[in-house]
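K.L.:
To be precise about what I am sending: the file is called model_2.cif and holds mmCIF, C-alpha atoms.
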```
data_query
#
loop_
_atom_site.group_PDB
_atom_site.id
_atom_site.type_symbol
_atom_site.label_atom_id
_atom_site.label_comp_id
_atom_site.auth_asym_id
_atom_site.auth_seq_id
_atom_site.Cartn_x
_atom_site.Cartn_y
_atom_site.Cartn_z
ATOM 1 C CA MET A 945 14.012 -23.420 -16.880
ATOM 2 C CA SER A 946 17.451 -21.894 -16.375
ATOM 3 C CA ARG A 947 17.472 -18.981 -13.973
ATOM 4 C CA PRO A 948 19.740 -15.987 -14.593
ATOM 5 C CA GLU A 949 21.364 -14.360 -11.597
ATOM 6 C CA VAL A 950 18.627 -11.707 -11.521
ATOM 7 C CA ARG A 951 15.214 -12.716 -12.851
ATOM 8 C CA ILE A 952 13.108 -10.070 -14.523
ATOM 9 C CA TYR A 953 9.462 -11.086 -14.482
ATOM 10 C CA GLU A 954 7.686 -9.140 -17.212
ATOM 11 C CA VAL A 955 4.172 -7.923 -16.391
ATOM 12 C CA GLY A 956 3.610 -5.530 -19.300
ATOM 13 C CA PRO A 957 1.066 -7.504 -21.350
ATOM 14 C CA ARG A 958 -1.185 -7.979 -18.311
ATOM 15 C CA ASP A 959 -0.572 -5.520 -15.486
ATOM 16 C CA GLY A 960 0.937 -2.978 -17.824
ATOM 17 C CA LEU A 961 -2.068 -2.832 -20.135
ATOM 18 C CA GLN A 962 -4.992 -3.514 -17.800
ATOM 19 C CA ASN A 963 -5.500 0.111 -16.807
ATOM 20 C CA GLU A 964 -4.836 1.641 -20.230
ATOM 21 C CA ALA A 965 -7.796 3.354 -21.911
ATOM 22 C CA THR A 966 -6.389 3.121 -25.456
ATOM 23 C CA ALA A 967 -7.400 -0.240 -26.901
ATOM 24 C CA VAL A 968 -4.558 -2.487 -28.035
ATOM 25 C CA SER A 969 -5.422 -5.128 -30.628
ATOM 26 C CA THR A 970 -4.848 -8.817 -30.010
ATOM 27 C CA GLU A 971 -2.425 -8.863 -32.940
ATOM 28 C CA ALA A 972 -0.389 -6.033 -31.398
ATOM 29 C CA LYS A 973 -0.341 -7.790 -28.014
ATOM 30 C CA LEU A 974 0.952 -10.965 -29.646
ATOM 31 C CA THR A 975 3.657 -8.992 -31.446
ATOM 32 C CA PHE A 976 4.590 -7.279 -28.167
ATOM 33 C CA ILE A 977 4.858 -10.606 -26.336
ATOM 34 C CA GLY A 978 7.020 -11.984 -29.140
ATOM 35 C CA MET A 979 9.331 -8.966 -28.951
ATOM 36 C CA LEU A 980 9.671 -9.441 -25.199
ATOM 37 C CA ALA A 981 10.718 -13.049 -25.728
ATOM 38 C CA ASP A 982 13.139 -11.919 -28.452
ATOM 39 C CA ALA A 983 14.704 -9.567 -25.896
ATOM 40 C CA GLY A 984 15.477 -12.486 -23.608
ATOM 41 C CA LEU A 985 12.619 -12.229 -21.122
ATOM 42 C CA ARG A 986 11.747 -15.729 -19.964
ATOM 43 C CA GLU A 987 8.717 -15.018 -17.779
ATOM 44 C CA ILE A 988 5.987 -12.955 -19.431
ATOM 45 C CA GLU A 989 2.668 -12.524 -17.639
ATOM 46 C CA THR A 990 0.365 -12.678 -20.600
ATOM 47 C CA THR A 991 -3.193 -11.770 -19.630
ATOM 48 C CA SER A 992 -5.901 -12.043 -16.974
ATOM 49 C CA LEU A 993 -8.852 -14.430 -17.111
ATOM 50 C CA VAL A 994 -11.253 -11.967 -15.523
ATOM 51 C CA SER A 995 -14.721 -11.079 -16.713
ATOM 52 C CA PRO A 996 -14.414 -9.149 -20.014
ATOM 53 C CA THR A 997 -16.621 -6.410 -18.559
ATOM 54 C CA ALA A 998 -14.316 -5.944 -15.575
ATOM 55 C CA ILE A 999 -11.204 -5.117 -17.619
ATOM 56 C CA PRO A 1000 -12.149 -4.369 -21.250
ATOM 57 C CA GLN A 1001 -8.503 -4.131 -22.327
ATOM 58 C CA LEU A 1002 -8.084 -7.857 -21.551
ATOM 59 C CA ALA A 1003 -11.420 -9.028 -22.952
ATOM 60 C CA ASP A 1004 -9.529 -10.902 -25.678
ATOM 61 C CA ALA A 1005 -7.741 -13.219 -23.212
ATOM 62 C CA ASP A 1006 -9.101 -16.491 -24.615
ATOM 63 C CA GLU A 1007 -8.393 -15.460 -28.203
ATOM 64 C CA LEU A 1008 -4.889 -14.305 -27.302
ATOM 65 C CA LEU A 1009 -4.036 -17.557 -25.524
ATOM 66 C CA ARG A 1010 -5.282 -19.623 -28.470
ATOM 67 C CA ALA A 1011 -3.019 -17.675 -30.841
ATOM 68 C CA LEU A 1012 0.002 -17.369 -28.532
ATOM 69 C CA ASP A 1013 3.299 -18.750 -29.858
ATOM 70 C CA ARG A 1014 4.586 -20.437 -26.694
ATOM 71 C CA ARG A 1015 8.314 -20.670 -27.097
ATOM 72 C CA PRO A 1016 10.402 -23.338 -25.365
ATOM 73 C CA GLY A 1017 12.027 -22.012 -22.208
ATOM 74 C CA VAL A 1018 9.552 -19.151 -21.763
ATOM 75 C CA ARG A 1019 6.884 -19.181 -19.065
ATOM 76 C CA TYR A 1020 3.582 -17.425 -19.847
ATOM 77 C CA PRO A 1021 1.611 -17.072 -16.583
ATOM 78 C CA VAL A 1022 -1.989 -15.854 -16.578
ATOM 79 C CA LEU A 1023 -3.913 -14.254 -13.735
ATOM 80 C CA VAL A 1024 -6.733 -16.462 -12.450
ATOM 81 C CA PRO A 1025 -9.145 -14.540 -10.182
ATOM 82 C CA ASN A 1026 -11.737 -17.246 -9.456
ATOM 83 C CA ALA A 1027 -13.103 -20.701 -10.312
ATOM 84 C CA ARG A 1028 -14.403 -19.526 -13.696
ATOM 85 C CA GLY A 1029 -10.929 -18.219 -14.497
ATOM 86 C CA LEU A 1030 -9.529 -21.639 -13.605
ATOM 87 C CA GLU A 1031 -11.902 -23.290 -16.093
ATOM 88 C CA ARG A 1032 -10.695 -20.927 -18.805
ATOM 89 C CA ALA A 1033 -7.060 -21.594 -17.862
ATOM 90 C CA VAL A 1034 -7.624 -25.347 -18.228
ATOM 91 C CA ALA A 1035 -9.250 -24.826 -21.631
ATOM 92 C CA ALA A 1036 -6.302 -22.665 -22.720
ATOM 93 C CA GLU A 1037 -3.804 -25.345 -21.628
ATOM 94 C CA VAL A 1038 -1.717 -22.953 -19.548
ATOM 95 C CA ASP A 1039 0.982 -24.231 -17.216
ATOM 96 C CA ALA A 1040 1.469 -21.239 -14.926
ATOM 97 C CA ILE A 1041 -1.045 -19.091 -13.057
ATOM 98 C CA CYS A 1042 -1.134 -16.106 -10.730
ATOM 99 C CA LEU A 1043 -3.441 -15.331 -7.825
ATOM 100 C CA ILE A 1044 -3.913 -11.902 -6.286
ATOM 101 C CA THR A 1045 -4.802 -10.809 -2.783
ATOM 102 C CA ALA A 1046 -3.494 -8.045 -0.519
ATOM 103 C CA ALA A 1047 -2.279 -7.171 2.948
ATOM 104 C CA THR A 1048 -5.408 -5.099 3.664
ATOM 105 C CA ASP A 1049 -9.054 -6.115 3.600
ATOM 106 C CA ALA A 1050 -10.121 -2.779 2.131
ATOM 107 C CA TYR A 1051 -8.008 -3.227 -0.983
ATOM 108 C CA VAL A 1052 -9.063 -6.844 -1.555
ATOM 109 C CA GLN A 1053 -12.687 -5.779 -1.207
ATOM 110 C CA HIS A 1054 -12.295 -3.016 -3.780
ATOM 111 C CA ASN A 1055 -10.243 -5.194 -6.130
ATOM 112 C CA ILE A 1056 -12.041 -8.558 -6.121
ATOM 113 C CA GLY A 1057 -15.025 -8.058 -3.803
ATOM 114 C CA MET A 1058 -13.771 -10.266 -0.961
ATOM 115 C CA SER A 1059 -11.999 -10.040 2.378
ATOM 116 C CA ILE A 1060 -8.480 -11.429 2.743
ATOM 117 C CA ASP A 1061 -9.868 -14.562 4.413
ATOM 118 C CA GLU A 1062 -12.464 -15.032 1.681
ATOM 119 C CA SER A 1063 -9.861 -14.620 -1.054
ATOM 120 C CA LEU A 1064 -7.545 -17.186 0.502
ATOM 121 C CA ASN A 1065 -10.400 -19.637 0.990
ATOM 122 C CA ALA A 1066 -11.364 -19.173 -2.662
ATOM 123 C CA PHE A 1067 -7.793 -19.673 -3.835
ATOM 124 C CA GLU A 1068 -7.221 -22.910 -1.941
ATOM 125 C CA PRO A 1069 -9.142 -25.185 -4.369
ATOM 126 C CA ILE A 1070 -7.682 -23.296 -7.344
ATOM 127 C CA ALA A 1071 -4.155 -23.852 -6.040
ATOM 128 C CA SER A 1072 -4.951 -27.488 -5.287
ATOM 129 C CA GLU A 1073 -6.117 -28.115 -8.844
ATOM 130 C CA ALA A 1074 -3.143 -26.224 -10.265
ATOM 131 C CA ARG A 1075 -0.749 -28.361 -8.224
ATOM 132 C CA ARG A 1076 -2.542 -31.508 -9.370
ATOM 133 C CA ARG A 1077 -1.925 -30.433 -12.956
ATOM 134 C CA GLY A 1078 1.716 -29.596 -12.290
ATOM 135 C CA TRP A 1079 1.298 -25.868 -12.896
ATOM 136 C CA TRP A 1080 3.580 -23.212 -11.456
ATOM 137 C CA ILE A 1081 1.735 -20.883 -9.052
ATOM 138 C CA ARG A 1082 2.582 -17.291 -8.169
ATOM 139 C CA ALA A 1083 0.640 -15.056 -5.776
ATOM 140 C CA TYR A 1084 0.642 -11.289 -5.414
ATOM 141 C CA VAL A 1085 0.447 -9.673 -1.997
ATOM 142 C CA SER A 1086 -0.747 -6.208 -3.017
ATOM 143 C CA THR A 1087 -0.563 -3.097 -0.795
ATOM 144 C CA ALA A 1088 2.425 -4.518 1.087
ATOM 145 C CA PHE A 1089 3.844 -1.036 1.642
ATOM 146 C CA GLY A 1090 0.760 1.156 1.672
ATOM 147 C CA CYS A 1091 -2.968 1.014 0.941
ATOM 148 C CA PRO A 1092 -5.064 3.691 -0.809
ATOM 149 C CA TYR A 1093 -7.865 3.077 1.705
ATOM 150 C CA ASP A 1094 -6.095 2.171 4.969
ATOM 151 C CA GLY A 1095 -2.856 4.124 4.668
ATOM 152 C CA GLU A 1096 0.273 2.639 6.234
ATOM 153 C CA VAL A 1097 0.455 -1.166 6.364
ATOM 154 C CA ASP A 1098 1.910 -3.183 9.234
ATOM 155 C CA GLU A 1099 4.642 -5.475 7.946
ATOM 156 C CA ARG A 1100 3.301 -8.253 10.179
ATOM 157 C CA ALA A 1101 0.095 -8.243 8.124
ATOM 158 C CA VAL A 1102 2.183 -8.791 4.986
ATOM 159 C CA ALA A 1103 3.997 -11.717 6.604
ATOM 160 C CA SER A 1104 0.724 -13.253 7.796
ATOM 161 C CA VAL A 1105 -0.819 -13.259 4.320
ATOM 162 C CA ALA A 1106 2.427 -14.537 2.802
ATOM 163 C CA GLU A 1107 2.576 -17.457 5.240
ATOM 164 C CA ARG A 1108 -0.989 -18.464 4.421
ATOM 165 C CA LEU A 1109 -0.348 -18.339 0.673
ATOM 166 C CA LEU A 1110 2.674 -20.600 1.020
ATOM 167 C CA ARG A 1111 0.586 -23.048 3.041
ATOM 168 C CA ILE A 1112 -1.849 -23.474 0.144
ATOM 169 C CA GLY A 1113 1.012 -24.349 -2.181
ATOM 170 C CA VAL A 1114 2.113 -21.155 -3.905
ATOM 171 C CA ASP A 1115 5.569 -21.397 -5.504
ATOM 172 C CA GLU A 1116 6.446 -17.700 -5.459
ATOM 173 C CA LEU A 1117 5.207 -14.578 -3.698
ATOM 174 C CA SER A 1118 5.325 -11.185 -5.373
ATOM 175 C CA ILE A 1119 5.382 -8.573 -2.614
ATOM 176 C CA SER A 1120 3.842 -5.527 -4.220
ATOM 177 C CA ASP A 1121 4.242 -1.796 -3.702
ATOM 178 C CA THR A 1122 0.900 -1.133 -5.368
ATOM 179 C CA LEU A 1123 0.978 2.640 -4.820
ATOM 180 C CA GLY A 1124 4.695 3.217 -5.322
ATOM 181 C CA VAL A 1125 5.117 4.617 -1.816
ATOM 182 C CA ALA A 1126 7.995 2.460 -0.550
ATOM 183 C CA SER A 1127 11.510 3.629 0.189
ATOM 184 C CA PRO A 1128 14.558 1.390 0.800
ATOM 185 C CA THR A 1129 13.869 1.639 4.534
ATOM 186 C CA ASP A 1130 10.412 0.171 3.955
ATOM 187 C CA VAL A 1131 11.857 -2.604 1.806
ATOM 188 C CA ARG A 1132 14.210 -3.607 4.614
ATOM 189 C CA ARG A 1133 11.355 -3.434 7.140
ATOM 190 C CA VAL A 1134 8.984 -5.666 5.167
ATOM 191 C CA LEU A 1135 11.661 -8.145 4.109
ATOM 192 C CA GLY A 1136 12.790 -8.310 7.743
ATOM 193 C CA ALA A 1137 9.270 -9.283 8.827
ATOM 194 C CA LEU A 1138 9.090 -11.944 6.128
ATOM 195 C CA SER A 1139 12.467 -13.330 7.197
ATOM 196 C CA ALA A 1140 11.344 -13.410 10.831
ATOM 197 C CA ALA A 1141 8.348 -15.472 9.695
ATOM 198 C CA GLY A 1142 10.683 -17.967 8.058
ATOM 199 C CA ILE A 1143 10.142 -16.784 4.471
ATOM 200 C CA GLY A 1144 13.477 -16.483 2.726
ATOM 201 C CA PRO A 1145 14.395 -14.491 -0.382
ATOM 202 C CA GLU A 1146 14.288 -17.588 -2.598
ATOM 203 C CA ALA A 1147 10.463 -17.586 -2.288
ATOM 204 C CA LEU A 1148 10.098 -13.894 -3.097
ATOM 205 C CA ALA A 1149 9.805 -11.446 -5.934
ATOM 206 C CA LEU A 1150 9.309 -7.725 -5.502
ATOM 207 C CA HIS A 1151 6.853 -5.679 -7.533
ATOM 208 C CA PHE A 1152 7.708 -1.988 -7.439
ATOM 209 C CA HIS A 1153 5.873 0.919 -9.006
ATOM 210 C CA ASP A 1154 7.949 3.975 -9.764
ATOM 211 C CA THR A 1155 5.227 6.451 -8.824
ATOM 212 C CA ARG A 1156 7.534 8.554 -6.654
ATOM 213 C CA GLY A 1157 10.850 7.728 -8.319
ATOM 214 C CA THR A 1158 12.054 5.201 -5.736
ATOM 215 C CA GLY A 1159 11.696 2.012 -7.787
ATOM 216 C CA LEU A 1160 15.369 1.464 -8.649
ATOM 217 C CA ALA A 1161 16.557 2.465 -5.178
ATOM 218 C CA ASN A 1162 14.191 -0.162 -3.784
ATOM 219 C CA VAL A 1163 15.628 -2.762 -6.170
ATOM 220 C CA MET A 1164 19.122 -2.055 -4.884
ATOM 221 C CA ALA A 1165 17.956 -2.386 -1.272
ATOM 222 C CA ALA A 1166 16.325 -5.726 -2.057
ATOM 223 C CA LEU A 1167 19.406 -7.007 -3.895
ATOM 224 C CA GLU A 1168 21.441 -6.320 -0.768
ATOM 225 C CA LEU A 1169 19.021 -8.620 1.072
ATOM 226 C CA GLU A 1170 19.465 -11.346 -1.575
ATOM 227 C CA VAL A 1171 16.140 -11.012 -3.378
ATOM 228 C CA HIS A 1172 16.878 -11.735 -7.023
ATOM 229 C CA CYS A 1173 13.518 -11.540 -8.795
ATOM 230 C CA PHE A 1174 11.869 -8.269 -9.777
ATOM 231 C CA ASP A 1175 8.691 -7.512 -11.666
ATOM 232 C CA ALA A 1176 8.873 -4.908 -14.419
ATOM 233 C CA SER A 1177 6.759 -3.615 -17.273
ATOM 234 C CA THR A 1178 8.426 -2.851 -20.583
ATOM 235 C CA GLY A 1179 7.530 0.717 -21.413
ATOM 236 C CA GLY A 1180 6.765 1.500 -17.748
ATOM 237 C CA THR A 1181 3.039 1.022 -18.244
ATOM 238 C CA GLY A 1182 0.672 -0.074 -15.512
ATOM 239 C CA GLY A 1183 -1.507 0.819 -12.610
ATOM 240 C CA SER A 1184 -4.344 -0.726 -10.677
ATOM 241 C CA PRO A 1185 -8.003 0.167 -11.286
ATOM 242 C CA SER A 1186 -8.478 -0.296 -7.530
ATOM 243 C CA ALA A 1187 -5.618 1.989 -6.494
ATOM 244 C CA PRO A 1188 -6.311 5.636 -7.357
ATOM 245 C CA GLY A 1189 -3.072 7.486 -7.983
ATOM 246 C CA SER A 1190 -0.952 4.459 -8.790
ATOM 247 C CA ALA A 1191 1.313 5.216 -11.719
ATOM 248 C CA GLY A 1192 3.260 2.889 -13.969
ATOM 249 C CA ASN A 1193 5.257 -0.147 -12.959
ATOM 250 C CA LEU A 1194 9.010 -0.019 -12.794
ATOM 251 C CA ALA A 1195 10.086 0.067 -16.448
ATOM 252 C CA ALA A 1196 11.934 -3.034 -17.616
ATOM 253 C CA GLU A 1197 14.316 -0.897 -19.662
ATOM 254 C CA ASP A 1198 15.305 1.139 -16.596
ATOM 255 C CA LEU A 1199 15.823 -2.052 -14.583
ATOM 256 C CA VAL A 1200 17.885 -3.755 -17.308
ATOM 257 C CA TYR A 1201 20.084 -0.680 -17.637
ATOM 258 C CA LEU A 1202 20.710 -0.598 -13.884
ATOM 259 C CA LEU A 1203 21.583 -4.290 -13.741
ATOM 260 C CA ASP A 1204 23.854 -4.036 -16.779
ATOM 261 C CA ARG A 1205 25.755 -1.092 -15.304
ATOM 262 C CA ALA A 1206 26.050 -2.931 -11.973
ATOM 263 C CA GLY A 1207 27.511 -5.956 -13.710
ATOM 264 C CA LEU A 1208 24.578 -8.181 -12.732
ATOM 265 C CA ARG A 1209 23.471 -10.783 -15.248
ATOM 266 C CA SER A 1210 19.776 -10.880 -16.227
ATOM 267 C CA GLY A 1211 19.856 -12.484 -19.672
ATOM 268 C CA VAL A 1212 17.806 -9.594 -21.074
ATOM 269 C CA ASP A 1213 19.003 -7.428 -23.949
ATOM 270 C CA LEU A 1214 18.484 -3.692 -23.417
ATOM 271 C CA ASP A 1215 18.152 -2.860 -27.112
ATOM 272 C CA GLY A 1216 15.490 -5.546 -27.502
ATOM 273 C CA VAL A 1217 13.533 -4.255 -24.521
ATOM 274 C CA LEU A 1218 13.747 -0.694 -25.831
ATOM 275 C CA ALA A 1219 12.394 -1.829 -29.198
ATOM 276 C CA ALA A 1220 9.451 -3.506 -27.455
ATOM 277 C CA ALA A 1221 8.918 -0.435 -25.260
ATOM 278 C CA ARG A 1222 8.756 1.844 -28.287
ATOM 279 C CA PHE A 1223 6.387 -0.551 -30.023
ATOM 280 C CA ILE A 1224 3.867 -0.594 -27.186
ATOM 281 C CA ALA A 1225 4.174 3.171 -26.580
ATOM 282 C CA ASP A 1226 3.316 3.712 -30.249
ATOM 283 C CA ARG A 1227 0.256 1.451 -29.930
ATOM 284 C CA LEU A 1228 -0.823 3.424 -26.859
ATOM 285 C CA GLU A 1229 -0.309 6.638 -28.841
ATOM 286 C CA ARG A 1230 2.006 8.328 -26.394
ATOM 287 C CA PRO A 1231 5.741 8.907 -25.873
ATOM 288 C CA LEU A 1232 7.786 6.652 -23.640
ATOM 289 C CA SER A 1233 7.809 7.827 -20.027
ATOM 290 C CA SER A 1234 10.736 5.748 -18.772
ATOM 291 C CA LYS A 1235 14.107 7.392 -18.158
ATOM 292 C CA VAL A 1236 16.086 4.996 -20.357
ATOM 293 C CA GLY A 1237 13.298 5.021 -22.923
ATOM 294 C CA ARG A 1238 13.847 8.750 -23.344
ATOM 295 C CA ALA A 1239 17.627 8.892 -22.970
ATOM 296 C CA GLY A 1240 18.721 5.547 -24.399
ATOM 297 C CA GLY A 1241 21.455 3.308 -23.080
ATOM 298 C CA TRP A 1242 25.108 4.083 -22.492
ATOM 299 C CA PRO A 1243 27.581 3.782 -24.130
ATOM 300 C CA ARG A 1244 25.493 4.440 -27.212
#
```
What does this structure look like when you write it as structure tokens?

P.N.:
Amino acid sequence: MSRPEVRIYEVGPRDGLQNEATAVSTEAKLTFIGMLADAGLREIETTSLVSPTAIPQLADADELLRALDRRPGVRYPVLVPNARGLERAVAAEVDAICLITAATDAYVQHNIGMSIDESLNAFEPIASEARRRGWWIRAYVSTAFGCPYDGEVDERAVASVAERLLRIGVDELSISDTLGVASPTDVRRVLGALSAAGIGPEALALHFHDTRGTGLANVMAALELEVHCFDASTGGTGGSPSAPGSAGNLAAEDLVYLLDRAGLRSGVDLDGVLAAARFIADRLERPLSSKVGRAGGWPR
């Protein structure tokens, strides 16, 4: 897969929708995913293979994956939380999966009912089987900048979890500001700890929420440190059921606009992303909350 200078990893169909109360039909999700691909997004996290009772919005995961039009050159990762999720991923013939843990035990316990150690032990056989099948593997390190239960997070804890995930064979780490509390200073602090542990920017993505309006500033800080992959959610939707107070993810349309104005190539078309953002906002029965969604691009 060709890699643009800045990779935008789209999380809207999974992370963006998982916490939304308004039900979105499978047909609408498939249309949304198709519009994202039309806009030039080449990595679209599609759904989560969790228990249907855990996240009702994603209860149609198996049906969606059966109907998905998988376009050449587009990667469609799915979140696999456990061994049962792995079985469903095999049946769906996926080729890319995501795992999720955190830098704090309290968050992992609330999110998936395990400690950090237990989650990593559970992921090891999943990662082993995924590698055997030639799948691409991503892992999220949630609460890397702050935890709703433990408060501030030591950057050395982030680096420790990241090191262990790489040892089990993960291809990419998404270092996540789950609460949207980070500032550029925090980004430099955490990336410095990862670098000191021998983890370079080529292994990293950053997952920012824009809860407190610092998402784009954090992107710029990370770009200065040579991180070139950022998670975003078209329409700015998102939030974690296990993180009270977490607002939407960084909106893809805001990120694309910033990169375009900075002269940085992403391969993503702003008008296409805005069309997809308006589509999903309409299905969620609410106006767009993103800055560029409201104001539009420039020049018009």

K.L.:
Find the residue from A:Ala981, A:Ala1137, A:Val1018, A:Ala1005 that sits nearest to Ser969 (chain A); use all atoms listed in the file when measuring.

P.N.:
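Of A:Ala981, A:Ala1137, A:Val1018, A:Ala1005, the one nearest Ser969 (chain A), counting all atoms listed in the file, is A:Ala1005.
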
K.L.:
Running the PyMOL selection byres ((chain A and resi 1219) around 12) on this model by hand, what would come out? Give it as a ChimeraX atom specification.

P.N.:
/A:975-983,1178-1179,1196-1197,1213-1218,1220-1226,1232,1236-1237,1240

K.L.:
Can you tell me how far CA of Ser1233 (chain A) sits from CA of Gly1180 (chain A), in Å to one decimal?

P.N.:
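Pair CA of Ser1233 (chain A) / CA of Gly1180 (chain A) returns 6.8 Å.
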
K.L.:
Using all atoms listed in the file, which of the listed residues (A:His1151, A:Leu993, A:Gly1211, A:Ala1047) sits closest to Arg1028 (chain A)?

P.N.:
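Looking at the shortest contact to Arg1028 (chain A), the residue is A:Leu993.
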
K.L.:
Taking the file above as input, evaluate the PyMOL selection byres ((chain A and resi 1115) around 8) and report the hits as an MDAnalysis selection string.

P.N.:
chainID A and resid 1080:1082 1110 1113:1114 1116:1117 1147

K.L.:
Suppose you want the space between CA of His1172 (chain A) and CA of Glu949 (chain A); what is it in Å?

P.N.:
6.9 Å

K.L.:
Using all atoms listed in the file, find the one residue out of A:Ile1056, A:Leu1150, A:Ala1046, A:Ala1036 that sits nearest to Ala1101 (chain A).

P.N.:
A:Ala1046

K.L.:
May I have the residues within 10 Å of Met1164 (chain A) as a list in words, using only C-alpha atoms and disregarding those fewer than 3 positions away in the same chain?

P.N.:
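Residues near the query, excluding close chain neighbours: Pro1128, Val1131, Gly1159, Leu1160, Ala1161, Leu1167, Glu1168, Leu1169, Glu1170, Val1171, Leu1202, Leu1203 and Ala1206 of chain A.
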
K.L.:
Go through A:Arg1075, A:Arg1209, A:Arg1108, A:His1153 and flag the residue nearest Gly1124 (chain A), using only C-alpha atoms for the distances.

P.N.:
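That would be A:His1153, the residue with the smallest distance to Gly1124 (chain A).
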
K.L.:
From the set A:Gly1029, A:Gly1057, A:Gly1207, A:Gly1182, which residue has the shortest atom-to-atom contact distance to Pro996 (chain A), counting only C-alpha atoms?

P.N.:
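Of A:Gly1029, A:Gly1057, A:Gly1207, A:Gly1182, the one nearest Pro996 (chain A), counting only C-alpha atoms, is A:Gly1029.
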
K.L.:
When the PyMOL selection byres ((chain A and resi 1014) around 12) is applied to the structure above, which residues does it catch, written out as a VMD selection string?

P.N.:
chain A and resid 974 977 to 978 981 986 to 988 990 1008 to 1013 1015 to 1021 1036 to 1039

K.L.:
With C-alpha atoms retained, could you export that selection as a PDB file, keeping the file's coordinate frame?

P.N.:
```pdb
ATOM      1  CA  LEU A 974       0.952 -10.965 -29.646  1.00  0.00           C
ATOM      2  CA  ILE A 977       4.858 -10.606 -26.336  1.00  0.00           C
ATOM      3  CA  GLY A 978       7.020 -11.984 -29.140  1.00  0.00           C
ATOM      4  CA  ALA A 981      10.718 -13.049 -25.728  1.00  0.00           C
ATOM      5  CA  ARG A 986      11.747 -15.729 -19.964  1.00  0.00           C
ATOM      6  CA  GLU A 987       8.717 -15.018 -17.779  1.00  0.00           C
ATOM      7  CA  ILE A 988       5.987 -12.955 -19.431  1.00  0.00           C
ATOM      8  CA  THR A 990       0.365 -12.678 -20.600  1.00  0.00           C
ATOM      9  CA  LEU A1008      -4.889 -14.305 -27.302  1.00  0.00           C
ATOM     10  CA  LEU A1009      -4.036 -17.557 -25.524  1.00  0.00           C
ATOM     11  CA  ARG A1010      -5.282 -19.623 -28.470  1.00  0.00           C
ATOM     12  CA  ALA A1011      -3.019 -17.675 -30.841  1.00  0.00           C
ATOM     13  CA  LEU A1012       0.002 -17.369 -28.532  1.00  0.00           C
ATOM     14  CA  ASP A1013       3.299 -18.750 -29.858  1.00  0.00           C
ATOM     15  CA  ARG A1015       8.314 -20.670 -27.097  1.00  0.00           C
ATOM     16  CA  PRO A1016      10.402 -23.338 -25.365  1.00  0.00           C
ATOM     17  CA  GLY A1017      12.027 -22.012 -22.208  1.00  0.00           C
ATOM     18  CA  VAL A1018       9.552 -19.151 -21.763  1.00  0.00           C
ATOM     19  CA  ARG A1019       6.884 -19.181 -19.065  1.00  0.00           C
ATOM     20  CA  TYR A1020       3.582 -17.425 -19.847  1.00  0.00           C
ATOM     21  CA  PRO A1021       1.611 -17.072 -16.583  1.00  0.00           C
ATOM     22  CA  ALA A1036      -6.302 -22.665 -22.720  1.00  0.00           C
ATOM     23  CA  GLU A1037      -3.804 -25.345 -21.628  1.00  0.00           C
ATOM     24  CA  VAL A1038      -1.717 -22.953 -19.548  1.00  0.00           C
ATOM     25  CA  ASP A1039       0.982 -24.231 -17.216  1.00  0.00           C
TER      26      ASP A1039
END
```

K.L.:
Can you tell me which residues surround Leu1064 (chain A) at a distance of at most 9 Å, considering all atoms listed in the file, apart from same-chain residues fewer than 5 positions away, and format the answer as a PyMOL selection string?

P.N.:
chain A and resi 1045+1059+1105+1108-1109+1112

K.L.:
When you draw a straight line from CA of Leu985 (chain A) to CA of Arg1156 (chain A), how long is it in Å?

P.N.:
25.8 Å

K.L.:
Between A:Ala1239, A:Val1163, A:Ile1070, A:Ala1103, which residue has the minimum interatomic distance to Gly1144 (chain A), considering all atoms listed in the file?

P.N.:
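Among the listed residues, the smallest separation from Gly1144 (chain A) belongs to A:Ala1103.
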
K.L.:
If we count all atoms listed in the file and set the cut-off at 8 Å, which residues sit around region 1092-1100 of chain A, ignoring sequence neighbours fewer than 6 positions away in its own chain? Please answer as an mmCIF file with C-alpha atoms, in the coordinates of the input.

P.N.:
```
data_model
loop_
_atom_site.group_PDB
_atom_site.id
_atom_site.type_symbol
_atom_site.label_atom_id
_atom_site.label_comp_id
_atom_site.auth_asym_id
_atom_site.auth_seq_id
_atom_site.Cartn_x
_atom_site.Cartn_y
_atom_site.Cartn_z
ATOM 1 C CA ALA A 1047 -2.279 -7.171 2.948
ATOM 2 C CA THR A 1048 -5.408 -5.099 3.664
ATOM 3 C CA ALA A 1050 -10.121 -2.779 2.131
ATOM 4 C CA TYR A 1051 -8.008 -3.227 -0.983
ATOM 5 C CA LEU A 1123 0.978 2.640 -4.820
ATOM 6 C CA ARG A 1133 11.355 -3.434 7.140
ATOM 7 C CA VAL A 1134 8.984 -5.666 5.167
ATOM 8 C CA ALA A 1137 9.270 -9.283 8.827
ATOM 9 C CA LEU A 1138 9.090 -11.944 6.128
ATOM 10 C CA ALA A 1187 -5.618 1.989 -6.494
ATOM 11 C CA PRO A 1188 -6.311 5.636 -7.357
#
```

K.L.:
With all atoms listed in the file as the counted atoms, please give the residues lying no more than 10 Å from Ala967 (chain A), apart from itself and same-chain residues fewer than 5 positions off, as JSON, numbers by chain.

P.N.:
{"A": [961, 962, 1000, 1001, 1002, 1227, 1228]}
